[in-house]
$ cat structure.txt   # compact mmCIF, C-alpha atoms
# COMPACT_ATOMS: atom_id res chain seq x y z
CA MET U 1 -15.67 -13.79 -12.46
CA SER U 2 -12.09 -13.40 -11.22
CA ARG U 3 -10.12 -15.30 -8.63
CA VAL U 4 -8.71 -12.74 -6.19
CA LEU U 5 -6.25 -12.91 -3.28
CA VAL U 6 -6.09 -9.93 -0.90
CA THR U 7 -3.46 -9.51 1.84
CA GLY U 8 -4.16 -7.45 4.94
CA ALA U 9 -7.81 -8.38 4.42
CA ALA U 10 -8.95 -8.44 8.04
CA SER U 11 -9.49 -4.70 8.36
CA GLY U 12 -9.20 -1.28 6.76
CA LEU U 13 -8.79 -1.03 3.00
CA GLY U 14 -8.21 -4.78 2.70
CA ALA U 15 -11.59 -5.59 4.23
CA ALA U 16 -13.28 -2.94 2.09
CA LEU U 17 -11.70 -4.35 -1.07
CA VAL U 18 -12.78 -7.88 -0.15
CA ALA U 19 -16.37 -6.70 0.36
CA LYS U 20 -16.39 -4.94 -3.03
CA PHE U 21 -14.96 -7.96 -4.87
CA VAL U 22 -17.44 -10.32 -3.21
CA ALA U 23 -20.36 -8.00 -3.98
CA GLU U 24 -19.41 -8.13 -7.65
CA GLY U 25 -19.41 -11.93 -7.62
CA HIS U 26 -15.68 -12.67 -7.61
CA GLN U 27 -14.06 -15.54 -5.75
CA VAL U 28 -11.94 -14.06 -2.96
CA LEU U 29 -9.25 -15.53 -0.72
CA SER U 30 -8.79 -13.22 2.26
CA THR U 31 -5.41 -13.40 3.98
CA ASP U 32 -3.99 -11.82 7.10
CA VAL U 33 -1.76 -12.67 10.08
CA ALA U 34 -4.57 -13.97 12.33
CA GLU U 35 -5.08 -17.72 12.64
CA GLU U 36 -8.70 -17.49 11.51
CA GLY U 37 -10.79 -15.03 9.54
CA GLU U 38 -14.46 -14.28 9.09
CA GLY U 39 -16.80 -14.11 6.12
CA THR U 40 -14.99 -15.23 2.99
CA THR U 41 -12.52 -18.05 2.39
CA TYR U 42 -9.53 -17.30 4.60
CA LEU U 43 -5.87 -18.28 4.77
CA LYS U 44 -3.33 -17.14 7.31
CA LEU U 45 -0.52 -15.29 5.53
CA ASP U 46 2.24 -13.27 7.15
CA VAL U 47 3.78 -11.25 4.31
CA ARG U 48 7.17 -11.49 6.04
CA ARG U 49 7.29 -15.29 5.67
CA ALA U 50 8.24 -16.75 2.28
CA GLU U 51 6.78 -20.11 3.32
CA ASP U 52 3.37 -18.50 3.85
CA TRP U 53 3.53 -17.11 0.33
CA ASP U 54 4.46 -20.54 -1.04
CA ALA U 55 1.45 -22.00 0.77
CA ALA U 56 -0.80 -19.33 -0.74
CA VAL U 57 0.38 -20.16 -4.27
CA THR U 58 -0.21 -23.86 -3.61
CA TRP U 59 -3.70 -23.14 -2.26
CA CYS U 60 -4.66 -21.13 -5.35
CA GLU U 61 -3.35 -23.79 -7.69
CA GLN U 62 -5.02 -26.69 -5.88
CA ASN U 63 -8.37 -25.03 -5.19
CA TRP U 64 -8.80 -22.63 -8.08
CA GLY U 65 -6.36 -23.83 -10.71
CA GLY U 66 -4.65 -20.42 -10.69
CA LEU U 67 -5.20 -16.77 -9.77
CA ASP U 68 -6.39 -13.71 -11.68
CA ILE U 69 -5.77 -10.78 -9.32
CA LEU U 70 -3.17 -10.50 -6.55
CA VAL U 71 -3.74 -7.54 -4.21
CA ASN U 72 -0.64 -6.80 -2.12
CA ASN U 73 -2.36 -4.61 0.44
CA ALA U 74 -0.93 -5.50 3.88
CA GLY U 75 1.00 -2.70 5.56
CA ILE U 76 1.60 -0.62 8.65
CA ALA U 77 1.77 3.10 9.38
CA THR U 78 5.04 4.60 10.52
CA GLY U 79 7.10 7.75 10.33
CA GLY U 80 9.25 10.14 12.26
CA ARG U 81 12.14 12.54 12.05
CA ILE U 82 15.32 11.03 10.66
CA ASP U 83 17.27 11.52 13.88
CA VAL U 84 14.46 10.22 16.12
CA GLU U 85 12.99 7.17 14.42
CA THR U 86 15.12 4.11 15.22
CA LEU U 87 16.79 1.75 12.77
CA ASP U 88 14.73 -1.11 14.21
CA GLU U 89 11.62 0.81 13.17
CA TRP U 90 13.07 1.21 9.69
CA ASP U 91 13.75 -2.53 9.50
CA ARG U 92 10.16 -3.32 10.51
CA VAL U 93 8.47 -1.08 7.95
CA VAL U 94 10.83 -2.14 5.15
CA ASP U 95 10.16 -5.81 5.95
CA ILE U 96 6.37 -5.41 5.91
CA ASN U 97 5.51 -2.55 3.55
CA LEU U 98 8.17 -3.08 0.90
CA MET U 99 9.55 -6.60 1.17
CA GLY U 100 6.06 -7.95 1.86
CA VAL U 101 5.05 -6.69 -1.59
CA VAL U 102 8.26 -7.99 -3.14
CA ARG U 103 7.65 -11.45 -1.68
CA GLY U 104 4.10 -11.50 -3.01
CA CYS U 105 5.16 -10.49 -6.51
CA ARG U 106 7.98 -13.05 -6.53
CA ALA U 107 5.72 -15.82 -5.29
CA PHE U 108 2.98 -15.40 -7.89
CA THR U 109 4.95 -14.25 -10.94
CA PRO U 110 5.87 -17.80 -12.05
CA LEU U 111 2.19 -18.77 -11.95
CA PHE U 112 1.16 -15.66 -13.87
CA LYS U 113 3.86 -16.30 -16.46
CA ARG U 114 2.63 -19.86 -16.98
CA GLN U 115 -0.95 -18.63 -17.30
CA ARG U 116 0.09 -15.80 -19.63
CA SER U 117 -2.33 -13.68 -17.61
CA GLY U 118 -2.78 -12.03 -14.23
CA HIS U 119 -3.08 -8.64 -12.58
CA ILE U 120 -0.89 -7.48 -9.70
CA VAL U 121 -2.33 -4.65 -7.57
CA ASN U 122 0.11 -3.11 -5.09
CA THR U 123 -1.13 -0.74 -2.40
CA ALA U 124 1.35 2.13 -2.02
CA SER U 125 0.30 5.61 -0.90
CA ALA U 126 0.32 9.23 -1.99
CA ALA U 127 3.52 9.18 0.09
CA GLY U 128 5.03 7.10 -2.69
CA LEU U 129 4.58 10.04 -5.07
CA VAL U 130 4.97 13.10 -2.84
CA HIS U 131 7.32 13.15 0.11
CA PRO U 132 6.40 15.28 3.11
CA PRO U 133 9.01 15.85 5.85
CA MET U 134 9.08 13.72 9.02
CA MET U 135 7.98 10.65 7.06
CA SER U 136 11.29 9.31 5.77
CA SER U 137 10.70 5.62 6.36
CA TYR U 138 7.10 5.59 5.14
CA ASN U 139 7.87 7.72 2.08
CA THR U 140 10.83 5.51 1.22
CA VAL U 141 9.01 2.19 1.33
CA LYS U 142 5.96 3.50 -0.52
CA ALA U 143 8.14 5.07 -3.22
CA GLY U 144 9.81 1.67 -3.47
CA VAL U 145 6.44 0.02 -4.06
CA VAL U 146 5.72 2.52 -6.84
CA ALA U 147 9.12 1.83 -8.43
CA LEU U 148 8.67 -1.94 -8.13
CA SER U 149 5.22 -1.71 -9.69
CA GLU U 150 6.42 0.35 -12.65
CA THR U 151 9.31 -2.03 -13.22
CA LEU U 152 7.03 -5.06 -13.22
CA SER U 153 4.48 -3.36 -15.47
CA HIS U 154 7.15 -3.40 -18.18
CA GLU U 155 8.89 -6.65 -17.23
CA LEU U 156 5.72 -8.75 -17.16
CA HIS U 157 3.93 -7.13 -20.10
CA PRO U 158 5.25 -9.73 -22.60
CA TYR U 159 3.54 -12.41 -20.49
CA GLY U 160 0.13 -10.73 -20.53
CA VAL U 161 0.43 -9.65 -16.89
CA THR U 162 -0.76 -6.16 -15.90
CA VAL U 163 0.19 -4.15 -12.83
CA SER U 164 -1.54 -1.38 -10.88
CA VAL U 165 -0.26 0.68 -7.96
CA VAL U 166 -2.71 2.37 -5.60
CA CYS U 167 -1.75 5.76 -4.11
CA PRO U 168 -4.38 7.21 -1.76
CA SER U 169 -3.95 10.06 0.69
CA PHE U 170 -5.15 9.76 4.30
CA PHE U 171 -8.48 8.00 4.81
CA ARG U 172 -10.29 6.68 7.88
CA THR U 173 -9.07 3.24 8.89
CA ASN U 174 -7.59 1.41 11.84
CA LEU U 175 -4.13 1.81 10.26
CA ALA U 176 -3.33 4.31 12.99
CA ASP U 177 -3.36 1.44 15.49
CA SER U 178 -0.14 0.13 13.89
CA ILE U 179 1.75 3.36 14.63
CA ARG U 180 4.49 2.86 17.16
CA GLY U 181 7.99 4.15 17.65
CA ALA U 182 10.29 6.71 19.18
CA ASP U 183 8.87 9.82 17.49
CA SER U 184 5.58 9.99 19.38
CA ALA U 185 4.85 13.56 18.26
CA MET U 186 4.89 12.60 14.60
CA GLY U 187 2.87 9.49 15.37
CA ALA U 188 0.18 11.58 17.02
CA THR U 189 0.02 13.87 13.99
CA ALA U 190 -0.36 10.93 11.62
CA ARG U 191 -3.11 9.42 13.79
CA GLN U 192 -5.04 12.69 13.71
CA LEU U 193 -4.77 12.95 9.91
CA ILE U 194 -6.04 9.39 9.50
CA GLU U 195 -8.89 9.58 11.97
CA LYS U 196 -10.18 13.00 10.86
CA SER U 197 -10.13 12.33 7.12
CA PRO U 198 -13.49 12.79 5.36
CA ARG U 199 -12.77 9.70 3.25
CA SER U 200 -13.54 6.13 4.29
CA ALA U 201 -11.89 2.85 3.31
CA ASP U 202 -15.07 2.05 1.37
CA ASP U 203 -14.68 5.25 -0.67
CA ILE U 204 -11.13 4.31 -1.58
CA ALA U 205 -12.04 0.70 -2.38
CA THR U 206 -14.75 1.82 -4.81
CA ALA U 207 -12.24 3.93 -6.74
CA VAL U 208 -9.63 1.16 -6.65
CA LEU U 209 -11.98 -1.42 -8.20
CA ALA U 210 -12.88 1.05 -10.94
CA GLY U 211 -9.17 1.49 -11.69
CA ILE U 212 -8.56 -2.25 -11.70
CA LYS U 213 -11.36 -2.79 -14.22
CA LYS U 214 -9.71 -0.22 -16.50
CA LYS U 215 -6.30 -1.83 -15.88
CA GLN U 216 -4.90 1.56 -14.93
CA PHE U 217 -1.28 1.50 -13.83
CA LEU U 218 -1.45 4.47 -11.45
CA ILE U 219 -4.65 4.53 -9.39
CA ILE U 220 -4.97 7.77 -7.41
CA PRO U 221 -8.35 7.27 -5.74
CA ASP U 222 -8.98 10.65 -4.10
CA ARG U 223 -8.76 14.35 -4.93
CA PRO U 224 -6.16 15.44 -2.31
CA ALA U 225 -3.70 12.81 -3.52
CA ALA U 226 -4.28 13.76 -7.15
CA MET U 227 -3.83 17.46 -6.42
CA ALA U 228 -0.61 16.88 -4.48
CA TRP U 229 0.80 14.78 -7.32
CA ARG U 230 -0.13 17.36 -9.95
CA THR U 231 1.36 20.17 -7.86
CA LYS U 232 4.65 18.32 -7.58
CA ARG U 233 4.75 17.58 -11.31
CA PHE U 234 3.58 20.91 -12.71
CA ALA U 235 4.16 23.52 -9.98
CA ARG U 236 7.32 22.34 -8.28
CA PRO U 237 8.21 25.69 -6.61
CA LEU U 238 4.77 25.75 -4.95
CA TYR U 239 5.17 22.13 -3.87
CA ASN U 240 8.58 22.87 -2.37
CA ARG U 241 7.23 25.87 -0.45
CA GLN U 242 4.42 23.75 1.00
CA MET U 243 6.83 21.03 2.13
CA ARG U 244 9.22 23.58 3.69
CA LYS U 245 6.33 25.19 5.60
CA ILE U 246 5.40 21.82 7.07
CA ALA U 247 9.02 21.27 8.11
CA GLU U 248 9.30 24.73 9.66
CA ARG U 249 6.14 24.24 11.73
CA ALA U 250 7.51 20.92 12.94
CA ARG U 251 10.82 22.58 13.91
CA GLN U 252 8.99 25.22 15.90
CA ARG U 253 6.86 22.65 17.71
CA ALA U 254 9.91 20.54 18.53
CA GLU U 255 11.88 23.48 19.87
CA THR U 256 8.91 24.67 21.93
CA THR U 257 8.44 21.20 23.38
CA ASN U 258 12.13 20.75 24.13
CA GLY U 259 12.65 24.34 25.24
$ encode --input "structure.txt" --output "structure tokens"
Amino acid sequence: MSRVLVTGAASGLGAALVAKFVAEGHQVLSTDVAEEGEGTTYLKLDVRRAEDWDAAVTWCEQNWGGLDILVNNAGIATGGRIDVETLDEWDRVVDINLMGVVRGCRAFTPLFKRQRSGHIVNTASAAGLVHPPMMSSYNTVKAGVVALSETLSHELHPYGVTVSVVCPSFFRTNLADSIRGADSAMGATARQLIEKSPRSADDIATAVLAGIKKKQFLIIPDRPAAMAWRTKRFARPLYNRQMRKIAERARQRAETTNG
């Protein structure tokens, strides 16, 4: 039985992961930005606040004597054309989706080093591996999470600490509710892709837990994400053509709307 902390646990993939861990008999600390949670043991944790992370480490040490699995899952959806999305929007998504993961890794690494054990699971996205147009900010932060995870997989290996990074494509969740910003057209497209996906958060969580058990570094939990990644790696001209077609359709829509 493992001791598990999950951020962004109140909804979406976080809630699905918590349910899967609990069903398998693990001890789970659910964390999110709300003052109170439901179901499992809960602690308020805003991933933007270093003091909240310090409190989470203290809680795990005092109540459990340590931690086995840290799941950095909290995040928001964002995106937009480079000349439309504002710099404030960039700051927000970097602070939550990238620096939130950085803060979590920094907070728990000393504990994991002392234990000579631990598993860090960082939720990125297929957007961390393949980079469609009109998604500069989201692609950038998720690619950063992938890079951070790979770095730590090597850096922490001598201490017995393993790292996984999760890269799903679109799946049904309330993540679309976090979309805001100047590029409303791109936001609407992203919402449609999320809400009309045939995959649920529960589907993704099942695949993620299987990957964690195998201690896989790169967990790609659905077929569309895996196919996109393979296309980029092994059929780059085809991948480039697909990305350029998406960009051209967006140009045409923008010019029609503005025309």
$ atom_distance --input "structure.txt" --atom1 "CA of Ala124 (chain U)" --atom2 "CA of Ala254 (chain U)"
28.9 Å
$ residues_around --input "structure.txt" --residues "region 136-144 of chain U" --least-positions-apart "2" --cutoff "12 Å" --atoms "all atoms listed in the file" --output "PyMOL selection string"
chain U and resi 73+75-102+122-134+146-151+165-169+179+181+183+186-187+190
$ residues_near_point --input "structure.txt" --point "(-0.5, -12.2, -15.8)" --cutoff "7 Å" --atoms "only C-alpha atoms" --output "list in words"
Phe112, Lys113, Gln115, Arg116, Ser117, Gly118, His119, Tyr159, Gly160, Val161 and Thr162 of chain U
$ residues_around --input "structure.txt" --residues "Asn240 (chain U)" --least-positions-apart "4" --cutoff "12 Å" --atoms "all atoms listed in the file" --output "PyMOL selection string"
chain U and resi 130-133+228+231-236+244-247
$ residues_around --input "structure.txt" --residues "Ser30 (chain U)" --least-positions-apart "4" --cutoff "12 Å" --atoms "only C-alpha atoms" --output "PDB file with C-alpha atoms, in the coordinates of the input"
ATOM      1  CA  ARG U   3     -10.120 -15.300  -8.630  1.00  0.00           C
ATOM      2  CA  VAL U   4      -8.710 -12.740  -6.190  1.00  0.00           C
ATOM      3  CA  LEU U   5      -6.250 -12.910  -3.280  1.00  0.00           C
ATOM      4  CA  VAL U   6      -6.090  -9.930  -0.900  1.00  0.00           C
ATOM      5  CA  THR U   7      -3.460  -9.510   1.840  1.00  0.00           C
ATOM      6  CA  GLY U   8      -4.160  -7.450   4.940  1.00  0.00           C
ATOM      7  CA  ALA U   9      -7.810  -8.380   4.420  1.00  0.00           C
ATOM      8  CA  ALA U  10      -8.950  -8.440   8.040  1.00  0.00           C
ATOM      9  CA  SER U  11      -9.490  -4.700   8.360  1.00  0.00           C
ATOM     10  CA  GLY U  14      -8.210  -4.780   2.700  1.00  0.00           C
ATOM     11  CA  ALA U  15     -11.590  -5.590   4.230  1.00  0.00           C
ATOM     12  CA  ALA U  16     -13.280  -2.940   2.090  1.00  0.00           C
ATOM     13  CA  LEU U  17     -11.700  -4.350  -1.070  1.00  0.00           C
ATOM     14  CA  VAL U  18     -12.780  -7.880  -0.150  1.00  0.00           C
ATOM     15  CA  ALA U  19     -16.370  -6.700   0.360  1.00  0.00           C
ATOM     16  CA  PHE U  21     -14.960  -7.960  -4.870  1.00  0.00           C
ATOM     17  CA  VAL U  22     -17.440 -10.320  -3.210  1.00  0.00           C
ATOM     18  CA  ALA U  34      -4.570 -13.970  12.330  1.00  0.00           C
ATOM     19  CA  GLU U  35      -5.080 -17.720  12.640  1.00  0.00           C
ATOM     20  CA  GLU U  36      -8.700 -17.490  11.510  1.00  0.00           C
ATOM     21  CA  GLY U  37     -10.790 -15.030   9.540  1.00  0.00           C
ATOM     22  CA  GLU U  38     -14.460 -14.280   9.090  1.00  0.00           C
ATOM     23  CA  GLY U  39     -16.800 -14.110   6.120  1.00  0.00           C
ATOM     24  CA  THR U  40     -14.990 -15.230   2.990  1.00  0.00           C
ATOM     25  CA  THR U  41     -12.520 -18.050   2.390  1.00  0.00           C
ATOM     26  CA  TYR U  42      -9.530 -17.300   4.600  1.00  0.00           C
ATOM     27  CA  LEU U  43      -5.870 -18.280   4.770  1.00  0.00           C
ATOM     28  CA  LYS U  44      -3.330 -17.140   7.310  1.00  0.00           C
ATOM     29  CA  LEU U  45      -0.520 -15.290   5.530  1.00  0.00           C
ATOM     30  CA  ALA U  56      -0.800 -19.330  -0.740  1.00  0.00           C
ATOM     31  CA  CYS U  60      -4.660 -21.130  -5.350  1.00  0.00           C
ATOM     32  CA  LEU U  70      -3.170 -10.500  -6.550  1.00  0.00           C
ATOM     33  CA  VAL U  71      -3.740  -7.540  -4.210  1.00  0.00           C
ATOM     34  CA  ASN U  72      -0.640  -6.800  -2.120  1.00  0.00           C
ATOM     35  CA  ASN U  73      -2.360  -4.610   0.440  1.00  0.00           C
ATOM     36  CA  ALA U  74      -0.930  -5.500   3.880  1.00  0.00           C
TER      37      ALA U  74
END
$ atom_distance --input "structure.txt" --atom1 "CA of Tyr239 (chain U)" --atom2 "CA of Arg199 (chain U)"
23.0 Å
$ atom_distance --input "structure.txt" --atom1 "CA of Gly25 (chain U)" --atom2 "CA of Ile69 (chain U)"
13.8 Å
$ closest_residue --input "structure.txt" --among "U:Leu13, U:Ala225, U:Val145, U:Ala205" --to "Ser164 (chain U)" --atoms "all atoms listed in the file"
U:Val145
$ closest_residue --input "structure.txt" --among "U:Leu218, U:Thr58, U:Trp53, U:Gly12" --to "Arg106 (chain U)" --atoms "only C-alpha atoms"
U:Trp53
$ closest_residue --input "structure.txt" --among "U:Leu67, U:Leu156, U:Leu238, U:Val47" --to "Thr31 (chain U)" --atoms "all atoms listed in the file"
U:Val47
